[in-house]
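Coordinates as given in entry-v1.txt (compact mmCIF, C-alpha atoms):
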```txt
# COMPACT_ATOMS: atom_id res chain seq x y z
CA MET A 1 109.79 111.88 111.35
CA GLY A 2 107.72 108.75 110.84
CA ASN A 3 108.20 106.15 113.56
CA ILE A 4 107.05 102.81 112.13
CA ARG A 5 106.90 99.23 113.41
CA VAL A 6 106.92 96.20 111.11
CA ILE A 7 105.20 93.11 112.48
CA GLY A 8 103.88 89.84 111.14
CA PRO A 9 104.28 86.07 111.49
CA ARG A 10 107.51 84.21 110.88
CA GLY A 11 108.26 83.82 107.21
CA SER A 12 106.18 86.80 106.13
CA GLY A 13 109.25 88.53 104.68
CA LYS A 14 109.70 91.42 107.14
CA THR A 15 113.51 91.46 107.24
CA THR A 16 113.91 90.84 103.51
CA TYR A 17 111.42 93.64 102.80
CA LEU A 18 113.43 96.14 104.86
CA ALA A 19 116.70 94.94 103.31
CA ALA A 20 115.35 95.53 99.81
CA LEU A 21 114.03 98.94 100.84
CA ALA A 22 117.46 99.87 102.19
CA TYR A 23 119.19 98.79 99.00
CA GLN A 24 116.55 100.14 96.60
CA PRO A 25 117.63 98.64 93.28
CA LEU A 26 114.78 100.64 91.74
CA LYS A 27 116.91 103.78 91.78
CA ALA A 28 118.52 102.65 88.52
CA LEU A 29 115.22 102.28 86.66
CA LYS A 30 114.02 105.13 84.50
CA GLU A 31 110.48 105.08 85.84
CA TYR A 32 111.75 105.57 89.41
CA GLN A 33 113.96 108.60 88.85
CA ASN A 34 111.57 110.64 91.02
CA LEU A 35 111.97 108.30 94.01
CA LYS A 36 115.12 107.91 96.07
CA VAL A 37 115.63 105.97 99.31
CA GLN A 38 118.76 106.53 101.37
CA ALA A 39 119.97 104.40 104.28
CA VAL A 40 120.78 106.81 107.12
CA ASN A 41 122.30 104.92 110.05
CA ASP A 42 124.75 102.02 110.47
CA ASP A 43 122.03 99.42 111.09
CA THR A 44 120.33 100.34 107.82
CA ARG A 45 123.56 100.46 105.83
CA ASN A 46 124.49 97.01 107.16
CA LEU A 47 121.10 95.73 106.07
CA ALA A 48 121.55 97.31 102.65
CA GLY A 49 124.87 95.53 102.37
CA LYS A 50 123.15 92.23 103.01
CA ALA A 51 120.65 92.96 100.26
CA GLU A 52 123.30 93.91 97.73
CA ASN A 53 125.87 91.26 98.61
CA ILE A 54 123.57 88.39 99.56
CA ILE A 55 120.07 88.63 98.05
CA SER A 56 121.22 89.89 94.67
CA GLN A 57 123.82 87.11 94.45
CA GLY A 58 121.28 84.37 95.06
CA ALA A 59 121.59 83.83 98.80
CA SER A 60 119.07 85.00 101.43
CA VAL A 61 118.67 87.27 104.45
CA GLU A 62 118.15 85.37 107.67
CA PRO A 63 115.08 86.49 109.66
CA THR A 64 115.17 88.62 112.79
CA SER A 65 116.40 86.54 115.71
CA SER A 66 113.96 85.85 118.52
CA GLU A 67 116.89 85.38 120.91
CA VAL A 68 117.01 88.93 122.22
CA ASN A 69 116.87 90.14 125.80
CA THR A 70 115.43 93.64 125.46
CA ILE A 71 113.80 95.82 122.83
CA TYR A 72 117.13 97.61 122.44
CA ASP A 73 118.78 94.45 121.11
CA LEU A 74 116.79 94.89 117.90
CA PRO A 75 118.31 97.12 115.20
CA SER A 76 116.61 100.39 114.38
CA TYR A 77 116.47 101.12 110.64
CA SER A 78 116.46 104.75 109.52
CA PHE A 79 115.59 105.87 105.98
CA ASN A 80 115.43 109.17 104.14
CA ILE A 81 112.96 109.06 101.24
CA GLU A 82 112.98 111.78 98.59
CA ILE A 83 109.95 112.07 96.32
CA LYS A 84 109.57 114.43 93.39
CA ARG A 85 105.88 114.63 92.58
CA ARG A 86 104.61 115.62 89.18
CA PHE A 87 103.85 119.34 88.82
CA GLN A 88 105.74 120.16 92.05
CA LYS A 89 109.04 122.03 92.03
CA GLN A 90 110.12 121.04 95.53
CA GLN A 91 111.14 117.53 96.49
CA GLU A 92 109.31 115.98 99.40
CA GLN A 93 111.52 114.41 102.06
CA ILE A 94 110.27 111.81 104.51
CA ASN A 95 112.40 110.51 107.37
CA LEU A 96 111.41 107.06 108.62
CA VAL A 97 112.57 104.95 111.54
CA ALA A 98 111.44 101.31 111.43
CA ARG A 99 111.94 98.42 113.80
CA ASP A 100 111.48 94.79 112.75
CA TYR A 101 109.94 92.53 115.42
CA PRO A 102 110.53 88.75 115.54
CA GLY A 103 107.57 86.82 114.15
CA GLU A 104 107.02 84.88 117.39
CA ILE A 105 105.73 88.06 119.05
CA PHE A 106 102.95 88.41 116.48
CA GLU A 107 102.05 84.71 116.56
CA ASP A 108 101.90 84.57 120.36
CA LEU A 109 99.10 87.12 120.35
CA GLU A 110 96.70 84.44 119.10
CA PHE A 111 96.26 82.74 122.46
CA GLY A 112 97.84 85.35 124.72
CA SER A 113 101.48 85.44 125.73
CA SER A 114 102.85 85.51 129.26
CA ASN A 115 106.36 86.16 127.97
CA PRO A 116 107.38 89.49 129.56
CA LEU A 117 109.77 90.23 126.71
CA HIS A 118 107.00 89.87 124.15
CA GLN A 119 104.81 92.14 126.25
CA GLU A 120 107.63 94.69 126.29
CA PHE A 121 107.75 94.62 122.49
CA ILE A 122 104.02 95.18 122.16
CA GLU A 123 104.05 98.02 124.69
CA GLU A 124 106.86 99.69 122.72
CA CYS A 125 104.92 99.17 119.51
CA LEU A 126 101.93 101.05 120.94
CA THR A 127 103.71 104.01 122.54
CA PRO A 128 102.37 107.46 121.57
CA ASP A 129 105.40 108.34 119.43
CA VAL A 130 104.77 105.45 116.99
CA ASN A 131 102.94 106.71 113.88
CA GLY A 132 101.81 103.35 112.59
CA CYS A 133 102.35 99.64 112.09
CA LEU A 134 102.96 97.76 108.88
CA ILE A 135 101.46 94.30 109.36
CA LEU A 136 102.65 91.74 106.82
CA LEU A 137 100.39 88.75 106.19
CA THR A 138 101.25 86.04 103.72
CA HIS A 139 99.01 82.95 104.02
CA TRP A 140 95.39 82.21 103.14
CA GLN A 141 95.14 78.41 103.48
CA SER A 142 92.23 76.81 105.34
CA GLY A 143 92.18 78.03 108.94
CA THR A 144 94.54 80.95 108.35
CA ASP A 145 91.78 83.56 108.32
CA SER A 146 90.51 82.37 111.71
CA SER A 147 94.03 82.43 113.14
CA TYR A 148 94.81 85.88 111.77
CA GLY A 149 91.44 87.08 112.99
CA ARG A 150 92.20 86.03 116.58
CA ILE A 151 95.63 87.68 116.43
CA VAL A 152 94.22 90.92 115.01
CA GLN A 153 91.40 90.95 117.58
CA ARG A 154 93.92 90.64 120.41
CA PHE A 155 96.09 93.37 118.90
CA LEU A 156 93.06 95.67 118.66
CA GLU A 157 92.28 95.01 122.33
CA LEU A 158 95.82 96.05 123.21
CA MET A 159 95.48 99.15 121.04
CA ASP A 160 92.39 100.05 123.04
CA LYS A 161 94.20 99.40 126.33
CA TYR A 162 96.97 101.81 125.35
CA GLU A 163 94.49 104.32 123.87
CA ARG A 164 95.78 103.97 120.30
CA THR A 165 92.58 102.82 118.56
CA SER A 166 91.83 106.24 117.08
CA ASN A 167 95.35 107.54 116.43
CA LEU A 168 97.49 104.66 115.16
CA ARG A 169 97.58 103.92 111.43
CA LEU A 170 97.59 100.28 110.35
CA ALA A 171 98.84 99.28 106.92
CA ILE A 172 97.81 95.68 106.29
CA ALA A 173 99.90 94.22 103.49
CA MET A 174 99.68 90.93 101.64
CA SER A 175 103.36 90.16 101.24
CA LYS A 176 104.91 88.00 98.53
CA CYS A 177 102.19 89.11 96.09
CA GLU A 178 104.37 87.92 93.20
CA ARG A 179 102.66 84.55 93.60
CA GLY A 180 100.44 83.73 90.66
CA GLU A 181 97.29 83.48 92.79
CA LEU A 182 97.84 87.02 94.13
CA TRP A 183 99.55 89.04 91.42
CA PRO A 184 96.36 89.89 89.44
CA GLY A 185 94.71 91.28 92.61
CA ARG A 186 97.53 93.63 93.58
CA LEU A 187 95.92 96.77 92.09
CA ASP A 188 92.94 96.69 94.47
CA PRO A 189 94.16 94.55 97.38
CA GLU A 190 91.31 95.34 99.76
CA THR A 191 88.71 94.04 97.31
CA ASP A 192 90.58 91.40 95.36
CA LEU A 193 92.93 89.97 97.99
CA PHE A 194 91.79 90.61 101.55
CA ASN A 195 88.02 90.41 101.05
CA VAL A 196 88.51 87.24 99.01
CA HIS A 197 91.18 85.37 100.98
CA LEU A 198 90.92 86.83 104.51
CA PRO A 199 87.32 88.07 104.85
CA ARG A 200 86.98 87.57 108.63
CA THR A 201 90.24 89.33 109.42
CA THR A 202 89.34 92.16 107.05
CA HIS A 203 85.88 92.58 108.61
CA ILE A 204 87.34 92.78 112.15
CA LEU A 205 89.73 95.53 111.05
CA GLN A 206 87.09 97.49 109.16
CA GLN A 207 84.69 97.36 112.12
CA ASN A 208 87.22 98.58 114.69
CA ILE A 209 89.67 100.93 112.97
CA PRO A 210 88.61 104.33 111.56
CA ALA A 211 88.69 104.22 107.78
CA GLN A 212 91.23 107.04 107.59
CA ASN A 213 93.64 104.99 109.73
CA LEU A 214 93.34 101.70 107.85
CA GLY A 215 95.05 100.89 104.57
CA PHE A 216 95.33 97.66 102.58
CA TYR A 217 98.35 96.97 100.38
CA ALA A 218 100.00 94.32 98.26
CA ILE A 219 103.79 94.24 98.24
CA SER A 220 106.45 92.08 96.67
CA THR A 221 110.11 92.23 97.65
CA PHE A 222 111.19 90.03 94.73
CA GLY A 223 108.65 91.02 92.08
CA VAL A 224 108.12 89.10 88.86
CA LEU A 225 110.46 88.38 85.98
CA GLY A 226 108.87 90.94 83.67
CA ARG A 227 105.70 92.54 82.38
CA LYS A 228 105.34 89.77 79.82
CA ASP A 229 106.68 87.07 82.17
CA PRO A 230 104.72 87.25 85.45
CA ARG A 231 106.48 84.29 87.05
CA PRO A 232 107.82 85.07 90.56
CA ASN A 233 111.42 86.26 90.52
CA ARG A 234 112.36 84.00 93.43
CA THR A 235 113.07 80.43 94.40
CA LEU A 236 113.15 78.70 97.78
CA GLU A 237 116.09 77.37 99.76
CA TRP A 238 116.53 75.98 103.27
CA GLY A 239 117.69 78.41 105.99
CA THR A 240 117.91 78.39 109.77
CA ASP A 241 114.17 79.12 110.03
CA GLY A 242 112.94 76.72 107.37
CA LYS A 243 112.57 77.53 103.69
CA LEU A 244 113.57 81.05 102.67
CA ALA A 245 113.04 82.91 99.41
CA VAL A 246 116.04 83.88 97.28
CA LEU A 247 116.27 85.97 94.16
CA ARG A 248 116.04 84.04 90.89
CA ASP A 249 117.43 86.64 88.47
CA ALA A 250 119.24 89.65 89.96
CA GLN A 251 119.22 91.46 86.61
CA LYS A 252 115.42 91.47 86.66
CA TRP A 253 114.96 92.46 90.31
CA ARG A 254 112.01 94.82 90.36
CA PRO A 255 110.26 94.99 93.77
CA TYR A 256 106.66 96.10 93.89
CA ASN A 257 105.12 98.73 96.16
CA LEU A 258 107.81 98.86 98.87
CA VAL A 259 107.53 102.57 99.69
CA ALA A 260 103.79 103.27 99.40
CA PRO A 261 102.64 101.76 102.73
CA LEU A 262 105.47 103.40 104.69
CA TYR A 263 104.74 106.76 103.07
CA TRP A 264 101.07 106.51 104.02
CA LEU A 265 101.88 105.42 107.59
CA SER A 266 104.18 108.39 107.98
CA THR A 267 102.11 111.10 106.29
CA GLY A 268 98.53 109.85 105.94
CA ARG A 269 98.75 110.57 102.19
CA LYS A 270 98.60 108.05 99.37
CA LEU A 271 101.46 107.29 97.04
CA GLY A 272 100.76 105.56 93.73
CA ASN A 273 100.99 101.77 93.44
CA ASP A 274 104.28 100.26 92.26
CA ALA A 275 106.38 102.74 94.29
```

Can you turn what I pasted into structure tokens?
Amino acid sequence: MGNIRVIGPRGSGKTTYLAALAYQPLKALKEYQNLKVQAVNDDTRNLAGKAENIISQGASVEPTSSEVNTIYDLPSYSFNIEIKRRFQKQQEQINLVARDYPGEIFEDLEFGSSNPLHQEFIEECLTPDVNGCLILLTHWQSGTDSSYGRIVQRFLELMDKYERTSNLRLAIAMSKCERGELWPGRLDPETDLFNVHLPRTTHILQQNIPAQNLGFYAISTFGVLGRKDPRPNRTLEWGTDGKLAVLRDAQKWRPYNLVAPLYWLSTGRKLGNDA
């Protein structure tokens, strides 16, 4: 079983990403007949219900609340992923357990946090039974690379403290890659997104994490309107945590690359883009 943690700043789309994964509208598309995602436990089924009844009807999923008292107040999402690879008779089954951390925990790493609850979250994230972390990043404006670099450097120091530097996989994903500035670079995100927009952060990761444990991804929960209409399939509305993305056209909902980073974190093997 793959034990995965999903972290990133507020507004990076962590909860919406997991909701879309739980719902998996891709199962109805012909090109995804060889990929099936099933929500296993009640937390995941509830999240899938939010995706189907809220996101697809033009509302939004509220982000993970930071008002929790212990790690056990956070839901634990469990997925069963079935993959039928070409030229293989047997289906491959991957069981994943993912936990979504509030964005404040990630952001507080920049200058060090004395919050004991945040420290508890990080300690749980780095326990030996965790296979890997999916880190969602979403900004590249002036100063963002320096900020992300400080956060990543602190996280790497904590990985070293808990002896996870050589045995914890990190999938670094540029979320919301449906944006016009990012969409063309999705096929080679390490070269065309991270080296271009976040070079300092990328260099820190490459210098400190073994190559076999570091992966770069581009993902999009909302996708674009179509192959011939690459406009983002989302709009923005105000929520409790500021502006939140909502689906523009539910009939054209085609997320991009939701499963690939989780599959790699769990197995260490690559799955093709667009899965």

### Message
Excluding stretch 141-151 of chain A and its own-chain neighbours fewer than 3 positions away, which residues fall within 7 Å of it when counting all atoms listed in the file? Please give them as a PyMOL selection string.
### Response
chain A and resi 109-110+154-155+198+200-201

Restricted to C-alpha atoms, what would the selected residues look like written as a PDB file, in the frame of the given file?
```pdb
ATOM      1  CA  LEU A 109      99.100  87.120 120.350  1.00  0.00           C
ATOM      2  CA  GLU A 110      96.700  84.440 119.100  1.00  0.00           C
ATOM      3  CA  ARG A 154      93.920  90.640 120.410  1.00  0.00           C
ATOM      4  CA  PHE A 155      96.090  93.370 118.900  1.00  0.00           C
ATOM      5  CA  LEU A 198      90.920  86.830 104.510  1.00  0.00           C
ATOM      6  CA  ARG A 200      86.980  87.570 108.630  1.00  0.00           C
ATOM      7  CA  THR A 201      90.240  89.330 109.420  1.00  0.00           C
TER       8      THR A 201
END
```

### Task
Go through A:Ile204, A:Leu244, A:Thr16, A:Pro102 and flag the residue nearest A:Ala48, using all atoms listed in the file for the distances.
A:Thr16

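Minimum atom-to-atom distance to A:Glu237, evaluated using all atoms listed in the file, belongs to A:Val61 out of A:Leu158, A:Val61, A:Leu205, A:Ile83.
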
### Task
Go through A:Gln251, A:Thr15, A:Ser266, A:Asn233 one by one, measure the shortest atom-to-atom distance of each to A:Leu168 using all atoms listed in the file, and give the residue with the smallest value.
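Ranking A:Gln251, A:Thr15, A:Ser266, A:Asn233 by distance to A:Leu168, first place goes to A:Ser266.
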
### Message
Quick check, in Å to one decimal: how far apart do atom CA of A:Lys252 and atom CA of A:Arg234 lie?
### Response
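Atom CA of A:Arg234 lies at a distance of 10.5 Å from atom CA of A:Lys252.
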
### Task
Please identify all polymer residues within 10 Å of A:Tyr162, counting all atoms listed in the file, omitting same-chain residues fewer than 3 positions from it, and present them as an NGL selection string.
:A and (123 or 126-128 or 156-159 or 165)

### Message
Please list as a ChimeraX atom specification every residue within 9 Å of stretch 170-184 of chain A, counting all atoms listed in the file and excluding residues in the same chain fewer than 4 positions away.
### Response
/A:12-14,17,132-139,189,192-194,209,213-224,230-234,256,261-262,264-265

Residues near A:Ile55, cut-off 9 Å, all atoms listed in the file, skip fewer than 6 positions along chain, as a PDB file with C-alpha atoms, in the frame of the given file:
```
ATOM      1  CA  THR A  16     113.910  90.840 103.510  1.00  0.00           C
ATOM      2  CA  ALA A  19     116.700  94.940 103.310  1.00  0.00           C
ATOM      3  CA  ALA A  20     115.350  95.530  99.810  1.00  0.00           C
ATOM      4  CA  VAL A  61     118.670  87.270 104.450  1.00  0.00           C
ATOM      5  CA  VAL A 246     116.040  83.880  97.280  1.00  0.00           C
ATOM      6  CA  LEU A 247     116.270  85.970  94.160  1.00  0.00           C
ATOM      7  CA  ALA A 250     119.240  89.650  89.960  1.00  0.00           C
TER       8      ALA A 250
END
```

#### Entry: Top pick for closest residue to A:Asp108, considering A:Arg248, A:Arg10, A:His203, A:Arg254 and counting only C-alpha atoms
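Smallest distance to A:Asp108 is found for A:Arg10.
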
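Pairwise distance (atom CA of A:Asp249, atom CA of A:Ile7) equals 27.7 Å.
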
### Atom pair atom CA of A:Ala260 / atom CA of A:Phe79: separation (Å)
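Answer for the atom CA of A:Ala260 to atom CA of A:Phe79 separation: 13.8 Å.
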
#### Entry: Best match for closeness to A:Ala211 among A:Arg169, A:Leu271, A:Ala39, A:Asn115, counting all atoms listed in the file
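The closest residue to A:Ala211 is A:Arg169.
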
### Message
Show me, as a count of residues only, the residues that have an atom within 9 Å of A:Thr267 when counting only C-alpha atoms, minus same-chain residues fewer than 3 positions from it.
### Response
7

### Message
Given only C-alpha atoms as the basis, pick out the residue of A:Leu258, A:Leu47, A:Leu74, A:Ala245 nearest to A:Leu35.
### Response
A:Leu258

Got a sec to write stretch 227-261 of chain A of the block to a file, N, CA and C atoms, as a PDB file, in the first residue's frame?
```
ATOM      1  N   ARG A 227      -9.040  19.986 -27.081  1.00  0.00           N
ATOM      2  CA  ARG A 227      -7.754  19.947 -27.781  1.00  0.00           C
ATOM      3  C   ARG A 227      -7.595  21.144 -28.712  1.00  0.00           C
ATOM      4  N   LYS A 228      -8.683  21.604 -29.275  1.00  0.00           N
ATOM      5  CA  LYS A 228      -8.632  22.755 -30.171  1.00  0.00           C
ATOM      6  C   LYS A 228      -9.054  24.042 -29.480  1.00  0.00           C
ATOM      7  N   ASP A 229      -9.325  23.960 -28.173  1.00  0.00           N
ATOM      8  CA  ASP A 229      -9.714  25.142 -27.390  1.00  0.00           C
ATOM      9  C   ASP A 229      -9.002  25.068 -26.048  1.00  0.00           C
ATOM     10  N   PRO A 230      -7.714  25.491 -26.000  1.00  0.00           N
ATOM     11  CA  PRO A 230      -6.905  25.315 -24.794  1.00  0.00           C
ATOM     12  C   PRO A 230      -7.148  26.353 -23.699  1.00  0.00           C
ATOM     13  N   ARG A 231      -8.309  26.983 -23.703  1.00  0.00           N
ATOM     14  CA  ARG A 231      -8.632  27.880 -22.597  1.00  0.00           C
ATOM     15  C   ARG A 231      -8.901  27.066 -21.332  1.00  0.00           C
ATOM     16  N   PRO A 232      -8.513  27.571 -20.152  1.00  0.00           N
ATOM     17  CA  PRO A 232      -8.769  26.838 -18.903  1.00  0.00           C
ATOM     18  C   PRO A 232     -10.260  26.578 -18.704  1.00  0.00           C
ATOM     19  N   ASN A 233     -10.572  25.362 -18.277  1.00  0.00           N
ATOM     20  CA  ASN A 233     -11.961  24.998 -18.016  1.00  0.00           C
ATOM     21  C   ASN A 233     -12.318  25.335 -16.566  1.00  0.00           C
ATOM     22  N   ARG A 234     -12.101  26.578 -16.192  1.00  0.00           N
ATOM     23  CA  ARG A 234     -12.429  27.022 -14.835  1.00  0.00           C
ATOM     24  C   ARG A 234     -12.612  28.523 -14.818  1.00  0.00           C
ATOM     25  N   THR A 235     -13.332  28.978 -13.804  1.00  0.00           N
ATOM     26  CA  THR A 235     -13.457  30.396 -13.501  1.00  0.00           C
ATOM     27  C   THR A 235     -13.167  30.571 -12.019  1.00  0.00           C
ATOM     28  N   LEU A 236     -13.173  31.790 -11.535  1.00  0.00           N
ATOM     29  CA  LEU A 236     -12.878  32.059 -10.128  1.00  0.00           C
ATOM     30  C   LEU A 236     -14.102  32.634  -9.429  1.00  0.00           C
ATOM     31  N   GLU A 237     -14.276  32.220  -8.172  1.00  0.00           N
ATOM     32  CA  GLU A 237     -15.326  32.804  -7.339  1.00  0.00           C
ATOM     33  C   GLU A 237     -14.777  32.985  -5.927  1.00  0.00           C
ATOM     34  N   TRP A 238     -15.439  33.806  -5.136  1.00  0.00           N
ATOM     35  CA  TRP A 238     -14.992  34.061  -3.771  1.00  0.00           C
ATOM     36  C   TRP A 238     -15.477  32.959  -2.847  1.00  0.00           C
ATOM     37  N   GLY A 239     -14.557  32.429  -2.003  1.00  0.00           N
ATOM     38  CA  GLY A 239     -14.890  31.436  -0.989  1.00  0.00           C
ATOM     39  C   GLY A 239     -14.410  31.901   0.368  1.00  0.00           C
ATOM     40  N   THR A 240     -14.427  31.006   1.349  1.00  0.00           N
ATOM     41  CA  THR A 240     -14.029  31.391   2.700  1.00  0.00           C
ATOM     42  C   THR A 240     -12.537  31.680   2.801  1.00  0.00           C
ATOM     43  N   ASP A 241     -11.753  31.175   1.853  1.00  0.00           N
ATOM     44  CA  ASP A 241     -10.298  31.369   1.876  1.00  0.00           C
ATOM     45  C   ASP A 241      -9.833  32.175   0.667  1.00  0.00           C
ATOM     46  N   GLY A 242     -10.671  33.155   0.273  1.00  0.00           N
ATOM     47  CA  GLY A 242     -10.324  33.972  -0.876  1.00  0.00           C
ATOM     48  C   GLY A 242     -10.951  33.424  -2.143  1.00  0.00           C
ATOM     49  N   LYS A 243     -10.334  33.736  -3.280  1.00  0.00           N
ATOM     50  CA  LYS A 243     -10.865  33.274  -4.555  1.00  0.00           C
ATOM     51  C   LYS A 243     -10.571  31.785  -4.763  1.00  0.00           C
ATOM     52  N   LEU A 244     -11.594  31.063  -5.213  1.00  0.00           N
ATOM     53  CA  LEU A 244     -11.479  29.639  -5.465  1.00  0.00           C
ATOM     54  C   LEU A 244     -11.882  29.338  -6.908  1.00  0.00           C
ATOM     55  N   ALA A 245     -11.257  28.320  -7.480  1.00  0.00           N
ATOM     56  CA  ALA A 245     -11.568  27.931  -8.851  1.00  0.00           C
ATOM     57  C   ALA A 245     -12.820  27.070  -8.879  1.00  0.00           C
ATOM     58  N   VAL A 246     -13.646  27.268  -9.889  1.00  0.00           N
ATOM     59  CA  VAL A 246     -14.825  26.436 -10.115  1.00  0.00           C
ATOM     60  C   VAL A 246     -14.840  26.014 -11.579  1.00  0.00           C
ATOM     61  N   LEU A 247     -15.504  24.898 -11.829  1.00  0.00           N
ATOM     62  CA  LEU A 247     -15.556  24.356 -13.174  1.00  0.00           C
ATOM     63  C   LEU A 247     -16.394  25.241 -14.089  1.00  0.00           C
ATOM     64  N   ARG A 248     -15.877  25.484 -15.290  1.00  0.00           N
ATOM     65  CA  ARG A 248     -16.602  26.315 -16.260  1.00  0.00           C
ATOM     66  C   ARG A 248     -17.635  25.508 -17.025  1.00  0.00           C
ATOM     67  N   ASP A 249     -17.249  24.340 -17.528  1.00  0.00           N
ATOM     68  CA  ASP A 249     -18.143  23.523 -18.343  1.00  0.00           C
ATOM     69  C   ASP A 249     -17.989  22.068 -17.909  1.00  0.00           C
ATOM     70  N   ALA A 250     -18.970  21.575 -17.134  1.00  0.00           N
ATOM     71  CA  ALA A 250     -18.891  20.219 -16.592  1.00  0.00           C
ATOM     72  C   ALA A 250     -18.854  19.162 -17.684  1.00  0.00           C
ATOM     73  N   GLN A 251     -19.474  19.437 -18.837  1.00  0.00           N
ATOM     74  CA  GLN A 251     -19.500  18.462 -19.918  1.00  0.00           C
ATOM     75  C   GLN A 251     -18.128  18.277 -20.556  1.00  0.00           C
ATOM     76  N   LYS A 252     -17.239  19.227 -20.340  1.00  0.00           N
ATOM     77  CA  LYS A 252     -15.898  19.163 -20.930  1.00  0.00           C
ATOM     78  C   LYS A 252     -14.810  18.956 -19.868  1.00  0.00           C
ATOM     79  N   TRP A 253     -15.218  18.442 -18.708  1.00  0.00           N
ATOM     80  CA  TRP A 253     -14.265  18.250 -17.612  1.00  0.00           C
ATOM     81  C   TRP A 253     -13.309  17.118 -17.963  1.00  0.00           C
ATOM     82  N   ARG A 254     -12.070  17.456 -18.163  1.00  0.00           N
ATOM     83  CA  ARG A 254     -11.043  16.478 -18.515  1.00  0.00           C
ATOM     84  C   ARG A 254      -9.750  16.803 -17.762  1.00  0.00           C
ATOM     85  N   PRO A 255      -9.629  16.350 -16.507  1.00  0.00           N
ATOM     86  CA  PRO A 255      -8.409  16.620 -15.738  1.00  0.00           C
ATOM     87  C   PRO A 255      -7.173  16.059 -16.424  1.00  0.00           C
ATOM     88  N   TYR A 256      -6.036  16.606 -16.059  1.00  0.00           N
ATOM     89  CA  TYR A 256      -4.780  16.198 -16.688  1.00  0.00           C
ATOM     90  C   TYR A 256      -3.803  15.677 -15.640  1.00  0.00           C
ATOM     91  N   ASN A 257      -3.367  14.433 -15.817  1.00  0.00           N
ATOM     92  CA  ASN A 257      -2.218  13.882 -15.085  1.00  0.00           C
ATOM     93  C   ASN A 257      -2.465  13.725 -13.582  1.00  0.00           C
ATOM     94  N   LEU A 258      -3.663  13.369 -13.175  1.00  0.00           N
ATOM     95  CA  LEU A 258      -3.963  13.237 -11.749  1.00  0.00           C
ATOM     96  C   LEU A 258      -3.293  12.017 -11.119  1.00  0.00           C
ATOM     97  N   VAL A 259      -3.256  10.912 -11.854  1.00  0.00           N
ATOM     98  CA  VAL A 259      -2.816   9.645 -11.262  1.00  0.00           C
ATOM     99  C   VAL A 259      -1.304   9.454 -11.325  1.00  0.00           C
ATOM    100  N   ALA A 260      -0.668   9.955 -12.375  1.00  0.00           N
ATOM    101  CA  ALA A 260       0.754   9.652 -12.621  1.00  0.00           C
ATOM    102  C   ALA A 260       1.672   9.942 -11.433  1.00  0.00           C
ATOM    103  N   PRO A 261       1.593  11.101 -10.772  1.00  0.00           N
ATOM    104  CA  PRO A 261       2.513  11.330  -9.655  1.00  0.00           C
ATOM    105  C   PRO A 261       2.262  10.407  -8.472  1.00  0.00           C
TER     106      PRO A 261
END
```
